[in-house]
file input.cif (mmCIF, C-alpha atoms and all ligand atoms)
data_target
#
loop_
_atom_site.label_atom_id
_atom_site.label_comp_id
_atom_site.auth_asym_id
_atom_site.auth_seq_id
_atom_site.Cartn_x
_atom_site.Cartn_y
_atom_site.Cartn_z
CA MET A 1 142.43 -117.74 7.22
CA PRO A 2 142.40 -121.51 7.53
CA VAL A 3 141.85 -121.65 11.33
CA THR A 4 141.56 -118.48 13.39
CA ALA A 5 140.89 -118.37 17.14
CA VAL A 6 139.33 -115.23 18.63
CA VAL A 7 140.01 -115.14 22.36
CA GLY A 8 139.72 -112.70 25.23
CA ALA A 9 142.97 -111.26 26.58
CA GLN A 10 141.59 -109.65 29.75
CA TRP A 11 138.76 -110.52 32.19
CA GLY A 12 136.11 -111.13 29.49
CA ASP A 13 133.67 -108.77 27.74
CA GLU A 14 136.48 -107.48 25.51
CA GLY A 15 134.27 -107.33 22.43
CA LYS A 16 134.87 -110.83 21.06
CA GLY A 17 131.31 -110.96 19.70
CA LYS A 18 131.89 -107.94 17.51
CA ILE A 19 135.24 -109.20 16.21
CA THR A 20 133.88 -112.71 15.58
CA ASP A 21 130.85 -111.28 13.76
CA LEU A 22 133.22 -109.24 11.59
CA LEU A 23 135.58 -112.13 10.78
CA ALA A 24 132.66 -114.54 10.37
CA GLN A 25 131.65 -112.73 7.21
CA GLU A 26 134.54 -114.57 5.60
CA ALA A 27 134.23 -117.87 7.48
CA ASP A 28 132.79 -121.22 6.46
CA VAL A 29 132.55 -122.70 9.95
CA VAL A 30 132.31 -120.86 13.29
CA ILE A 31 132.74 -122.86 16.50
CA ARG A 32 132.13 -121.91 20.16
CA PHE A 33 134.59 -124.13 21.98
CA GLN A 34 134.02 -123.65 25.72
CA GLY A 35 131.71 -122.12 28.30
CA GLY A 36 127.95 -122.03 28.37
CA ASN A 37 125.12 -119.55 28.24
CA ASN A 38 126.89 -117.39 30.80
CA ALA A 39 128.41 -115.58 27.82
CA GLY A 40 126.87 -112.41 26.45
CA HIS A 41 128.56 -111.63 23.17
CA THR A 42 127.17 -108.37 21.87
CA VAL A 43 126.80 -108.09 18.12
CA VAL A 44 125.58 -104.91 16.45
CA ASN A 45 124.99 -105.20 12.72
CA ARG A 46 122.33 -104.48 10.13
CA HIS A 47 120.01 -107.10 11.71
CA GLY A 48 119.94 -105.23 15.03
CA THR A 49 121.63 -105.58 18.42
CA PHE A 50 121.99 -109.09 19.84
CA LYS A 51 123.41 -110.59 23.03
CA LEU A 52 124.46 -114.08 22.03
CA HIS A 53 124.72 -116.47 24.95
CA LEU A 54 125.63 -119.79 23.35
CA VAL A 55 124.95 -119.48 19.63
CA PRO A 56 128.22 -118.64 17.82
CA SER A 57 128.52 -115.04 16.61
CA GLY A 58 128.82 -116.40 13.06
CA ILE A 59 125.05 -116.96 12.93
CA PHE A 60 124.61 -113.73 10.93
CA ASN A 61 126.47 -115.19 7.97
CA PRO A 62 123.87 -117.44 6.29
CA ASP A 63 126.64 -119.33 4.50
CA ALA A 64 128.57 -120.27 7.63
CA LEU A 65 127.99 -123.42 9.59
CA CYS A 66 127.81 -122.61 13.32
CA VAL A 67 128.86 -125.23 15.81
CA VAL A 68 128.31 -125.32 19.55
CA GLY A 69 131.39 -127.39 20.25
CA PRO A 70 131.94 -130.47 22.42
CA GLY A 71 133.88 -128.38 24.95
CA THR A 72 130.82 -126.32 25.83
CA VAL A 73 128.08 -127.05 28.37
CA VAL A 74 124.59 -126.66 26.99
CA ASN A 75 121.26 -125.83 28.57
CA LEU A 76 118.98 -127.16 25.82
CA GLN A 77 115.93 -125.18 26.94
CA VAL A 78 117.84 -121.89 27.02
CA LEU A 79 119.39 -122.68 23.64
CA CYS A 80 115.90 -123.20 22.18
CA GLU A 81 114.86 -119.79 23.55
CA GLU A 82 117.92 -118.16 22.01
CA ILE A 83 117.18 -119.78 18.65
CA ALA A 84 113.53 -118.66 18.85
CA ASN A 85 114.65 -115.09 19.55
CA LEU A 86 117.00 -115.06 16.56
CA GLU A 87 114.32 -116.52 14.30
CA ALA A 88 111.81 -113.93 15.55
CA HIS A 89 114.27 -111.36 14.15
CA GLY A 90 114.10 -113.05 10.75
CA LEU A 91 117.42 -114.89 11.06
CA SER A 92 117.80 -118.50 10.01
CA THR A 93 119.42 -120.91 12.44
CA ALA A 94 119.25 -123.83 10.02
CA ASN A 95 123.06 -123.92 9.96
CA LEU A 96 123.42 -124.42 13.70
CA ARG A 97 124.82 -127.70 15.03
CA VAL A 98 125.28 -128.84 18.62
CA ALA A 99 128.02 -131.31 19.43
CA ASP A 100 126.52 -134.52 20.74
CA ARG A 101 129.44 -134.88 23.16
CA ALA A 102 128.76 -131.51 24.79
CA HIS A 103 127.64 -131.86 28.38
CA LEU A 104 124.16 -130.77 29.40
CA ILE A 105 123.42 -128.14 32.00
CA MET A 106 120.61 -129.77 33.94
CA PRO A 107 118.17 -127.98 36.30
CA TRP A 108 120.10 -129.26 39.33
CA HIS A 109 123.20 -127.45 38.03
CA THR A 110 121.47 -124.08 37.98
CA ALA A 111 120.04 -124.73 41.46
CA LEU A 112 123.46 -125.78 42.79
CA ASP A 113 125.17 -122.78 41.20
CA ARG A 114 122.88 -120.44 43.12
CA LEU A 115 123.20 -122.42 46.37
CA ASP A 116 126.99 -122.69 46.10
CA GLU A 117 127.24 -118.91 45.79
CA ARG A 118 124.94 -118.54 48.79
CA GLU A 119 127.03 -120.93 50.89
CA ARG A 120 130.28 -119.17 49.95
CA GLY A 121 128.87 -115.99 51.46
CA ARG A 122 131.44 -113.21 51.31
CA GLN A 123 133.80 -115.49 49.37
CA LYS A 124 131.29 -115.80 46.52
CA LEU A 125 132.63 -115.94 42.98
CA GLY A 126 130.06 -113.72 41.32
CA THR A 127 128.90 -116.33 38.80
CA THR A 128 126.01 -115.65 36.43
CA GLY A 129 124.03 -118.43 38.13
CA GLN A 130 123.48 -120.34 34.88
CA GLY A 131 124.78 -123.67 36.20
CA VAL A 132 127.95 -123.63 34.12
CA GLY A 133 130.41 -124.36 36.96
CA PRO A 134 128.40 -127.24 38.46
CA ALA A 135 127.90 -128.77 34.98
CA TYR A 136 131.67 -128.75 34.36
CA ALA A 137 132.25 -130.08 37.88
CA ASP A 138 129.97 -133.03 37.11
CA LYS A 139 131.74 -133.57 33.79
CA VAL A 140 135.09 -133.86 35.56
CA ALA A 141 133.58 -135.96 38.35
CA ARG A 142 132.17 -138.27 35.65
CA HIS A 143 128.57 -137.57 36.56
CA GLY A 144 127.82 -135.48 33.49
CA ILE A 145 125.15 -136.21 30.89
CA GLN A 146 126.19 -135.72 27.27
CA ALA A 147 123.84 -134.39 24.62
CA TYR A 148 123.76 -137.63 22.62
CA GLU A 149 122.14 -139.39 25.57
CA VAL A 150 118.77 -137.79 24.79
CA ARG A 151 118.50 -140.11 21.78
CA ASP A 152 117.68 -143.09 24.00
CA GLU A 153 114.69 -141.85 25.96
CA ARG A 154 114.48 -144.76 28.40
CA ALA A 155 118.16 -144.68 29.24
CA PHE A 156 118.05 -140.89 29.55
CA ARG A 157 115.15 -140.99 31.99
CA ALA A 158 116.99 -143.58 34.05
CA ARG A 159 120.15 -141.40 34.08
CA VAL A 160 118.18 -138.37 35.26
CA ALA A 161 116.50 -140.38 38.00
CA HIS A 162 119.81 -141.85 39.10
CA GLU A 163 121.61 -138.48 39.22
CA LEU A 164 118.69 -136.95 41.11
CA GLU A 165 118.95 -139.55 43.87
CA THR A 166 122.16 -137.86 45.01
CA LYS A 167 121.43 -134.32 43.85
CA ASN A 168 118.10 -134.22 45.69
CA LYS A 169 119.84 -135.21 48.93
CA ILE A 170 122.14 -132.22 48.50
CA LEU A 171 119.26 -129.89 47.62
CA ASP A 172 117.32 -131.15 50.62
CA ARG A 173 120.25 -130.55 52.98
CA LEU A 174 120.53 -127.00 51.65
CA GLY A 175 116.84 -126.41 52.32
CA GLU A 176 115.66 -126.62 48.70
CA GLU A 177 112.71 -128.46 47.19
CA PRO A 178 113.73 -131.73 45.47
CA LEU A 179 113.47 -131.91 41.68
CA ASP A 180 111.05 -134.31 40.03
CA ALA A 181 112.87 -136.70 37.69
CA THR A 182 109.95 -137.09 35.27
CA ARG A 183 109.39 -133.38 34.94
CA VAL A 184 113.08 -132.65 34.48
CA ALA A 185 113.45 -135.34 31.82
CA ASP A 186 110.26 -134.22 30.02
CA ALA A 187 111.52 -130.65 29.73
CA VAL A 188 114.97 -131.59 28.46
CA LEU A 189 113.59 -134.17 26.01
CA ALA A 190 111.11 -131.61 24.65
CA ALA A 191 113.94 -129.14 24.00
CA ALA A 192 116.03 -131.89 22.43
CA ALA A 193 113.12 -132.78 20.14
CA THR A 194 112.94 -129.13 19.01
CA LEU A 195 116.63 -129.23 18.17
CA GLY A 196 116.21 -132.57 16.38
CA ASP A 197 119.18 -133.65 14.29
CA ARG A 198 121.03 -130.39 14.93
CA ILE A 199 122.43 -132.40 17.84
CA THR A 200 125.07 -134.34 15.97
CA ASP A 201 128.64 -135.60 15.88
CA THR A 202 130.50 -132.42 14.90
CA LEU A 203 133.92 -134.02 14.35
CA PRO A 204 133.19 -135.04 10.72
CA ILE A 205 132.11 -131.42 10.02
CA VAL A 206 135.34 -130.06 11.46
CA GLU A 207 137.51 -132.69 9.83
CA HIS A 208 135.90 -132.03 6.44
CA ALA A 209 136.44 -128.29 6.88
CA LEU A 210 140.13 -128.82 7.60
CA ARG A 211 140.57 -131.24 4.71
CA THR A 212 138.98 -128.85 2.23
CA ASP A 213 140.88 -125.81 3.51
CA ALA A 214 137.63 -124.18 4.59
CA ARG A 215 137.91 -121.07 6.74
CA VAL A 216 137.28 -121.98 10.37
CA LEU A 217 136.74 -119.47 13.14
CA LEU A 218 136.96 -120.46 16.80
CA GLU A 219 135.10 -118.21 19.22
CA GLY A 220 136.23 -118.07 22.82
CA GLN A 221 134.23 -116.90 25.79
CA LEU A 222 135.52 -114.84 28.72
CA GLY A 223 139.26 -114.07 28.83
CA ALA A 224 142.67 -115.30 29.93
CA MET A 225 142.32 -113.80 33.42
CA ARG A 226 139.30 -116.08 33.95
CA ASP A 227 141.01 -119.19 32.57
CA LEU A 228 140.63 -122.17 34.88
CA ASP A 229 144.38 -122.88 34.94
CA TRP A 230 145.99 -119.49 34.27
CA GLY A 231 143.48 -117.00 35.58
CA ILE A 232 142.69 -115.65 39.03
CA TYR A 233 141.64 -118.96 40.57
CA PRO A 234 139.13 -119.46 42.19
CA PHE A 235 137.50 -116.40 40.58
CA VAL A 236 137.65 -118.09 37.20
CA THR A 237 135.40 -119.86 34.78
CA SER A 238 135.30 -123.65 34.77
CA SER A 239 136.93 -124.13 31.36
CA ASN A 240 139.89 -122.88 29.30
CA PRO A 241 139.23 -119.78 27.19
CA LEU A 242 142.83 -119.85 25.87
CA ALA A 243 143.56 -120.76 22.25
CA GLY A 244 144.92 -124.06 23.59
CA GLY A 245 141.45 -124.80 24.94
CA ALA A 246 140.08 -124.22 21.45
CA ALA A 247 141.92 -127.24 20.08
CA VAL A 248 140.35 -129.63 22.57
CA GLY A 249 136.99 -127.87 22.88
CA ALA A 250 136.36 -127.69 19.14
CA GLY A 251 138.12 -130.89 18.11
CA ILE A 252 140.88 -129.21 16.06
CA PRO A 253 144.42 -130.59 16.15
CA PRO A 254 146.52 -127.69 17.58
CA ARG A 255 148.85 -127.40 14.57
CA PHE A 256 145.93 -126.26 12.40
CA ILE A 257 145.38 -123.07 14.41
CA THR A 258 147.48 -120.54 12.53
CA ARG A 259 145.97 -117.23 13.58
CA VAL A 260 145.14 -116.18 17.12
CA VAL A 261 143.39 -112.86 17.61
CA GLY A 262 143.59 -111.55 21.18
CA VAL A 263 140.77 -109.13 21.92
CA VAL A 264 141.44 -106.36 24.45
CA LYS A 265 139.51 -103.29 25.40
CA ALA A 266 141.54 -100.08 25.33
CA TYR A 267 140.93 -100.05 29.09
CA SER A 268 139.84 -102.89 31.41
CA THR A 269 136.56 -104.24 32.73
CA ALA A 270 135.60 -107.20 34.90
CA VAL A 271 132.33 -108.73 36.00
CA GLY A 272 132.32 -110.84 39.13
CA GLU A 273 134.75 -111.06 42.01
CA GLY A 274 138.53 -111.39 42.25
CA PRO A 275 141.58 -109.15 42.00
CA PHE A 276 141.52 -106.38 39.40
CA PRO A 277 144.59 -104.22 40.09
CA THR A 278 143.83 -101.21 37.87
CA GLU A 279 140.23 -100.85 39.09
CA MET A 280 138.95 -97.27 39.27
CA ARG A 281 136.80 -96.73 42.28
CA GLY A 282 134.27 -94.11 43.21
CA ARG A 283 133.24 -91.33 40.89
CA GLU A 284 136.04 -91.87 38.40
CA GLY A 285 134.89 -95.45 37.80
CA ASP A 286 131.21 -94.49 37.73
CA ALA A 287 131.92 -91.90 35.05
CA LEU A 288 133.69 -94.37 32.74
CA ARG A 289 131.03 -97.06 33.38
CA GLU A 290 128.24 -94.70 32.39
CA MET A 291 130.05 -93.23 29.41
CA ALA A 292 131.00 -96.64 28.03
CA ASN A 293 127.77 -98.37 29.09
CA GLU A 294 129.65 -101.06 30.99
CA TYR A 295 126.84 -103.30 32.20
CA GLY A 296 126.91 -107.11 31.90
CA ALA A 297 125.30 -108.46 28.72
CA THR A 298 123.86 -111.52 30.52
CA THR A 299 123.06 -110.18 33.96
CA GLY A 300 122.90 -106.39 33.53
CA ARG A 301 125.31 -106.13 36.47
CA PRO A 302 127.50 -103.01 36.54
CA ARG A 303 130.96 -103.97 35.31
CA ARG A 304 134.02 -103.00 37.31
CA VAL A 305 136.17 -100.68 35.21
CA GLY A 306 139.89 -99.88 35.23
CA TRP A 307 142.81 -98.59 33.20
CA PHE A 308 144.62 -100.73 30.64
CA ASP A 309 146.69 -103.40 32.37
CA SER A 310 149.59 -104.46 30.16
CA VAL A 311 150.71 -107.08 32.69
CA ALA A 312 147.40 -108.88 32.27
CA ALA A 313 147.42 -108.58 28.47
CA ARG A 314 151.05 -109.70 28.33
CA HIS A 315 150.17 -112.70 30.49
CA ALA A 316 147.46 -113.54 27.94
CA HIS A 317 149.95 -113.13 25.08
CA ARG A 318 152.48 -115.42 26.73
CA LEU A 319 149.80 -118.12 26.90
CA ASN A 320 148.21 -117.55 23.49
CA ALA A 321 151.02 -116.19 21.24
CA PHE A 322 148.65 -113.77 19.55
CA THR A 323 149.33 -113.23 15.89
CA GLU A 324 147.53 -109.94 16.41
CA LEU A 325 145.53 -107.93 18.91
CA ALA A 326 142.12 -106.41 18.30
CA VAL A 327 141.82 -103.31 20.49
CA THR A 328 138.17 -102.37 21.03
CA LYS A 329 136.53 -99.26 22.46
CA LEU A 330 139.41 -96.91 21.69
CA ASP A 331 136.69 -94.30 21.01
CA VAL A 332 135.76 -94.27 24.71
CA LEU A 333 139.16 -92.93 25.78
CA GLY A 334 138.64 -89.81 23.63
CA ALA A 335 137.18 -88.20 26.75
CA TYR A 336 140.49 -88.11 28.70
CA PRO A 337 143.25 -85.47 28.45
CA THR A 338 145.70 -87.91 30.07
CA ILE A 339 145.43 -91.69 30.42
CA PRO A 340 147.10 -93.80 33.14
CA PHE A 341 148.52 -97.03 31.66
CA ALA A 342 149.78 -99.88 33.87
CA VAL A 343 153.23 -101.07 32.75
CA ALA A 344 154.11 -103.26 35.75
CA TYR A 345 153.04 -104.25 39.26
CA GLU A 346 154.67 -103.59 42.56
CA VAL A 347 154.30 -106.76 44.65
CA GLU A 348 155.77 -106.93 48.16
CA GLY A 349 158.27 -104.20 47.35
CA ARG A 350 159.35 -105.78 44.05
CA ARG A 351 158.52 -104.55 40.56
CA THR A 352 157.37 -107.23 38.13
CA THR A 353 155.70 -107.77 34.76
CA ASP A 354 154.96 -111.42 35.58
CA MET A 355 151.45 -112.31 36.68
CA PRO A 356 151.51 -113.28 40.37
CA PRO A 357 149.08 -115.89 41.75
CA THR A 358 145.74 -114.66 43.03
CA ARG A 359 146.48 -113.95 46.69
CA LEU A 360 149.62 -112.00 45.78
CA LEU A 361 147.82 -110.20 42.96
CA GLU A 362 145.30 -108.98 45.53
CA ARG A 363 148.20 -107.07 47.12
CA ALA A 364 149.73 -105.82 43.86
CA THR A 365 149.83 -102.09 43.09
CA PRO A 366 149.95 -101.09 39.45
CA VAL A 367 152.88 -99.00 38.25
CA TYR A 368 151.42 -96.41 35.90
CA GLN A 369 152.81 -94.33 33.10
CA THR A 370 150.69 -91.35 32.13
CA LEU A 371 150.04 -91.20 28.42
CA ALA A 372 148.69 -88.23 26.51
CA GLY A 373 145.02 -88.40 25.51
CA TRP A 374 143.67 -87.12 22.19
CA CYS A 375 140.47 -85.46 23.43
CA ALA A 376 138.61 -86.04 20.20
CA PRO A 377 135.81 -88.29 19.02
CA LEU A 378 136.90 -90.97 16.57
CA ASP A 379 133.60 -91.19 14.66
CA GLY A 380 134.14 -91.09 10.98
CA VAL A 381 137.82 -92.07 11.09
CA ALA A 382 138.05 -94.45 8.16
CA ASP A 383 141.72 -95.28 8.21
CA ARG A 384 144.17 -96.03 11.00
CA ALA A 385 146.59 -93.55 9.49
CA HIS A 386 144.06 -90.82 10.23
CA LEU A 387 143.84 -91.50 13.97
CA PRO A 388 145.10 -88.64 16.18
CA ALA A 389 148.84 -88.92 16.93
CA ALA A 390 148.19 -89.56 20.64
CA ALA A 391 145.80 -92.41 19.79
CA LYS A 392 148.47 -93.96 17.56
CA ALA A 393 151.01 -93.57 20.38
CA TYR A 394 148.55 -95.27 22.76
CA LEU A 395 148.25 -98.25 20.42
CA ALA A 396 152.03 -98.34 20.03
CA LYS A 397 152.35 -98.50 23.83
CA ILE A 398 150.02 -101.49 23.88
CA GLU A 399 152.12 -103.21 21.21
CA GLU A 400 155.37 -102.47 23.04
CA THR A 401 154.23 -103.63 26.48
CA VAL A 402 152.17 -106.64 25.42
CA GLY A 403 154.56 -107.75 22.71
CA ALA A 404 151.97 -108.31 19.98
CA ARG A 405 151.01 -106.20 17.01
CA VAL A 406 147.63 -104.43 16.88
CA GLY A 407 145.81 -105.67 13.80
CA MET A 408 142.33 -104.25 14.41
CA VAL A 409 141.04 -101.18 16.21
CA GLY A 410 137.44 -100.74 17.33
CA ILE A 411 136.05 -97.21 17.33
CA GLY A 412 132.35 -97.98 17.78
CA PRO A 413 130.04 -100.93 18.54
CA GLU A 414 128.89 -101.53 14.94
CA ARG A 415 130.51 -104.15 12.76
CA GLY A 416 131.84 -101.48 10.39
CA ALA A 417 133.44 -99.36 13.12
CA THR A 418 136.66 -101.35 12.99
CA LEU A 419 139.91 -100.11 11.48
CA LEU A 420 141.98 -102.88 9.94
P1 LIG B 501 132.20 -110.04 24.47
O1 LIG B 501 131.47 -110.88 25.47
O2 LIG B 501 133.68 -110.19 24.53
O3 LIG B 501 131.66 -110.18 23.09
O4 LIG B 501 131.95 -108.52 24.91
P2 LIG B 501 130.55 -107.89 25.35
O5 LIG B 501 129.61 -107.96 24.22
O6 LIG B 501 130.11 -108.43 26.65
O7 LIG B 501 130.99 -106.38 25.64
C1 LIG B 501 131.57 -105.57 24.70
C2 LIG B 501 130.75 -104.31 24.56
O8 LIG B 501 131.48 -103.34 23.84
C3 LIG B 501 129.47 -104.49 23.77
O9 LIG B 501 128.48 -103.64 24.30
C4 LIG B 501 129.87 -104.07 22.37
O10 LIG B 501 128.77 -103.60 21.58
C5 LIG B 501 130.80 -102.94 22.67
N1 LIG B 501 131.86 -102.69 21.69
C6 LIG B 501 132.66 -103.58 21.06
N2 LIG B 501 133.61 -102.94 20.34
C7 LIG B 501 133.40 -101.62 20.54
C8 LIG B 501 134.10 -100.45 20.12
O11 LIG B 501 135.10 -100.50 19.42
N3 LIG B 501 133.61 -99.25 20.56
C9 LIG B 501 132.50 -99.15 21.36
N4 LIG B 501 132.10 -97.95 21.76
N5 LIG B 501 131.85 -100.24 21.78
C10 LIG B 501 132.29 -101.46 21.39
#

call {"tool": "encode", "arguments": {"input": "input.cif", "output": "structure tokens"}}
result
Amino acid sequence: MPVTAVVGAQWGDEGKGKITDLLAQEADVVIRFQGGNNAGHTVVNRHGTFKLHLVPSGIFNPDALCVVGPGTVVNLQVLCEEIANLEAHGLSTANLRVADRAHLIMPWHTALDRLDERERGRQKLGTTGQGVGPAYADKVARHGIQAYEVRDERAFRARVAHELETKNKILDRLGEEPLDATRVADAVLAAAATLGDRITDTLPIVEHALRTDARVLLEGQLGAMRDLDWGIYPFVTSSNPLAGGAAVGAGIPPRFITRVVGVVKAYSTAVGEGPFPTEMRGREGDALREMANEYGATTGRPRRVGWFDSVAARHAHRLNAFTELAVTKLDVLGAYPTIPFAVAYEVEGRRTTDMPPTRLLERATPVYQTLAGWCAPLDGVADRAHLPAAAKAYLAKIEETVGARVGMVGIGPERGATLL
């Protein structure tokens, strides 16, 4: 696998952490290419259960170099806490590198994230409040601070003071206490000192990996439906979780990405606001949420749950050209005698398999086919050929409607519970 991208093909939380952890066993370099510590990639392996927020899920392979790419936004203090937690579990993070061009999430970004949600009121986005959106907004507005800037302490302190002149006016107008430039700079510089020369130019690492045919794994965060350009704007993340975003966010020329793994759950979940056509409401949804433990890895918020939406997954495939799908949590559906499966939408009296823009999607009704369930646990199934016939038919329906082949099937949270 020269360069493989692992990306979400739904609303996020598809199980990318598990798939990346699995593939990372055979990788030389693993790169997170977008997003921030709003991610919560769950990895269950022999070291324990981990919710990785920014550290790439390749950290469990001691031979892999893990890169927090230039397309990410980084809260240095939170990253230090995450590293300390991993090391407390006996894991080495010596192979972690942070791109010096990555933008920093500063304390004013977390404050503004919270305040922006408050001001939006009922139109809130349901962010994790980690400052990711405001940090990307400042990057685009050319007010961002890049990680390399911590190397020149005097200049960094001046930058912080300068940015705070404006940011404190905004905080003040919104009824918040102003931030103290010295204290903010002290805290960020202390975290940067802990990270030391892990903050580095990552392009030579990536270029060397490509030149030597090393195996590179690109780890996306969230999913296509939350993509800034192609998702359910404005209920999206502030970066591009598509494989195309991986090229820019990791610093990999696009033609090197030869394998794109689209991760989908066998049903759907979403955290945060925005349209979610196949959502199950009431008791039906509560039952699936409880059974599948669908609570946010970062916030603990209950996830919205729904049936499989092939229009959404097909939309993701059109944008990513998956070389294969990884279907996770197939085991969960073993509880259902029949399973509704969305094959199209009805929008304003018209049937479509194209993804409508957000305001139309809010009015879309899914068109379901009812598929047979298998009513059996999948524990202990060691080979895809041994899956119940109805489970195989379910996977075949996913392949047919999405248009991509299923290469991996998850039947449990552990690394090993994956049929290849
Ligand atoms: P990510 O952010 O895409 O990595 O996904 P999350 O970690 O937020 O959510 C996926 C959840 O599903 C985690 O709790 C995983 O441990 C769990 N999981 C992943 N694959 C499977 C699977 O095949 N079966 C079951 N039962 N759980 C899985």

call {"tool": "residues_near_ligand", "arguments": {"input": "input.cif", "ligand": "ligand LIG 501 (chain B)", "cutoff": "7 Å", "atoms": "all atoms listed in the file", "output": "VMD selection string"}}
result
chain A and resid 8 12 to 18 39 to 44 51 221 to 222 292 296 to 297 328 to 332 409 to 414 417 to 418

call {"tool": "residues_around", "arguments": {"input": "input.cif", "residues": "stretch 390-396 of chain A", "least_positions_apart": "4", "cutoff": "12 Å", "atoms": "all atoms listed in the file", "output": "PDB file with C-alpha atoms, in the coordinates of the input"}}
result
ATOM      1  CA  VAL A 264     141.440-106.360  24.450  1.00  0.00           C
ATOM      2  CA  LYS A 265     139.510-103.290  25.400  1.00  0.00           C
ATOM      3  CA  ALA A 266     141.540-100.080  25.330  1.00  0.00           C
ATOM      4  CA  TYR A 267     140.930-100.050  29.090  1.00  0.00           C
ATOM      5  CA  PHE A 308     144.620-100.730  30.640  1.00  0.00           C
ATOM      6  CA  SER A 310     149.590-104.460  30.160  1.00  0.00           C
ATOM      7  CA  LEU A 325     145.530-107.930  18.910  1.00  0.00           C
ATOM      8  CA  ALA A 326     142.120-106.410  18.300  1.00  0.00           C
ATOM      9  CA  VAL A 327     141.820-103.310  20.490  1.00  0.00           C
ATOM     10  CA  THR A 328     138.170-102.370  21.030  1.00  0.00           C
ATOM     11  CA  LYS A 329     136.530 -99.260  22.460  1.00  0.00           C
ATOM     12  CA  LEU A 330     139.410 -96.910  21.690  1.00  0.00           C
ATOM     13  CA  ASP A 331     136.690 -94.300  21.010  1.00  0.00           C
ATOM     14  CA  VAL A 332     135.760 -94.270  24.710  1.00  0.00           C
ATOM     15  CA  LEU A 333     139.160 -92.930  25.780  1.00  0.00           C
ATOM     16  CA  GLY A 334     138.640 -89.810  23.630  1.00  0.00           C
ATOM     17  CA  ALA A 335     137.180 -88.200  26.750  1.00  0.00           C
ATOM     18  CA  TYR A 336     140.490 -88.110  28.700  1.00  0.00           C
ATOM     19  CA  PRO A 337     143.250 -85.470  28.450  1.00  0.00           C
ATOM     20  CA  THR A 338     145.700 -87.910  30.070  1.00  0.00           C
ATOM     21  CA  ILE A 339     145.430 -91.690  30.420  1.00  0.00           C
ATOM     22  CA  PRO A 340     147.100 -93.800  33.140  1.00  0.00           C
ATOM     23  CA  PHE A 341     148.520 -97.030  31.660  1.00  0.00           C
ATOM     24  CA  GLN A 369     152.810 -94.330  33.100  1.00  0.00           C
ATOM     25  CA  THR A 370     150.690 -91.350  32.130  1.00  0.00           C
ATOM     26  CA  LEU A 371     150.040 -91.200  28.420  1.00  0.00           C
ATOM     27  CA  ALA A 372     148.690 -88.230  26.510  1.00  0.00           C
ATOM     28  CA  GLY A 373     145.020 -88.400  25.510  1.00  0.00           C
ATOM     29  CA  TRP A 374     143.670 -87.120  22.190  1.00  0.00           C
ATOM     30  CA  CYS A 375     140.470 -85.460  23.430  1.00  0.00           C
ATOM     31  CA  ALA A 376     138.610 -86.040  20.200  1.00  0.00           C
ATOM     32  CA  PRO A 377     135.810 -88.290  19.020  1.00  0.00           C
ATOM     33  CA  LEU A 378     136.900 -90.970  16.570  1.00  0.00           C
ATOM     34  CA  VAL A 381     137.820 -92.070  11.090  1.00  0.00           C
ATOM     35  CA  ASP A 383     141.720 -95.280   8.210  1.00  0.00           C
ATOM     36  CA  ARG A 384     144.170 -96.030  11.000  1.00  0.00           C
ATOM     37  CA  ALA A 385     146.590 -93.550   9.490  1.00  0.00           C
ATOM     38  CA  HIS A 386     144.060 -90.820  10.230  1.00  0.00           C
ATOM     39  CA  GLU A 400     155.370-102.470  23.040  1.00  0.00           C
ATOM     40  CA  THR A 401     154.230-103.630  26.480  1.00  0.00           C
ATOM     41  CA  VAL A 402     152.170-106.640  25.420  1.00  0.00           C
ATOM     42  CA  GLY A 403     154.560-107.750  22.710  1.00  0.00           C
ATOM     43  CA  ALA A 404     151.970-108.310  19.980  1.00  0.00           C
ATOM     44  CA  ARG A 405     151.010-106.200  17.010  1.00  0.00           C
ATOM     45  CA  VAL A 406     147.630-104.430  16.880  1.00  0.00           C
ATOM     46  CA  GLY A 407     145.810-105.670  13.800  1.00  0.00           C
ATOM     47  CA  MET A 408     142.330-104.250  14.410  1.00  0.00           C
ATOM     48  CA  VAL A 409     141.040-101.180  16.210  1.00  0.00           C
ATOM     49  CA  GLY A 410     137.440-100.740  17.330  1.00  0.00           C
ATOM     50  CA  ILE A 411     136.050 -97.210  17.330  1.00  0.00           C
TER      51      ILE A 411
END

call {"tool": "residues_around", "arguments": {"input": "input.cif", "residues": "stretch 70-86 of chain A", "least_positions_apart": "4", "cutoff": "6 Å", "atoms": "all atoms listed in the file", "output": "JSON, numbers by chain"}}
result
{"A": [33, 34, 35, 36, 91, 99, 101, 102, 103, 104, 105, 191, 249]}

call {"tool": "write_last_selection", "arguments": {"input": "input.cif", "atoms": "C-alpha atoms", "output": "short mmCIF file (atom, residue, chain, number, x, y, z; two decimals), in the frame of the given file"}}
result
data_model
loop_
_atom_site.label_atom_id
_atom_site.label_comp_id
_atom_site.auth_asym_id
_atom_site.auth_seq_id
_atom_site.Cartn_x
_atom_site.Cartn_y
_atom_site.Cartn_z
CA PHE A 33 134.59 -124.13 21.98
CA GLN A 34 134.02 -123.65 25.72
CA GLY A 35 131.71 -122.12 28.30
CA GLY A 36 127.95 -122.03 28.37
CA LEU A 91 117.42 -114.89 11.06
CA ALA A 99 128.02 -131.31 19.43
CA ARG A 101 129.44 -134.88 23.16
CA ALA A 102 128.76 -131.51 24.79
CA HIS A 103 127.64 -131.86 28.38
CA LEU A 104 124.16 -130.77 29.40
CA ILE A 105 123.42 -128.14 32.00
CA ALA A 191 113.94 -129.14 24.00
CA GLY A 249 136.99 -127.87 22.88
#
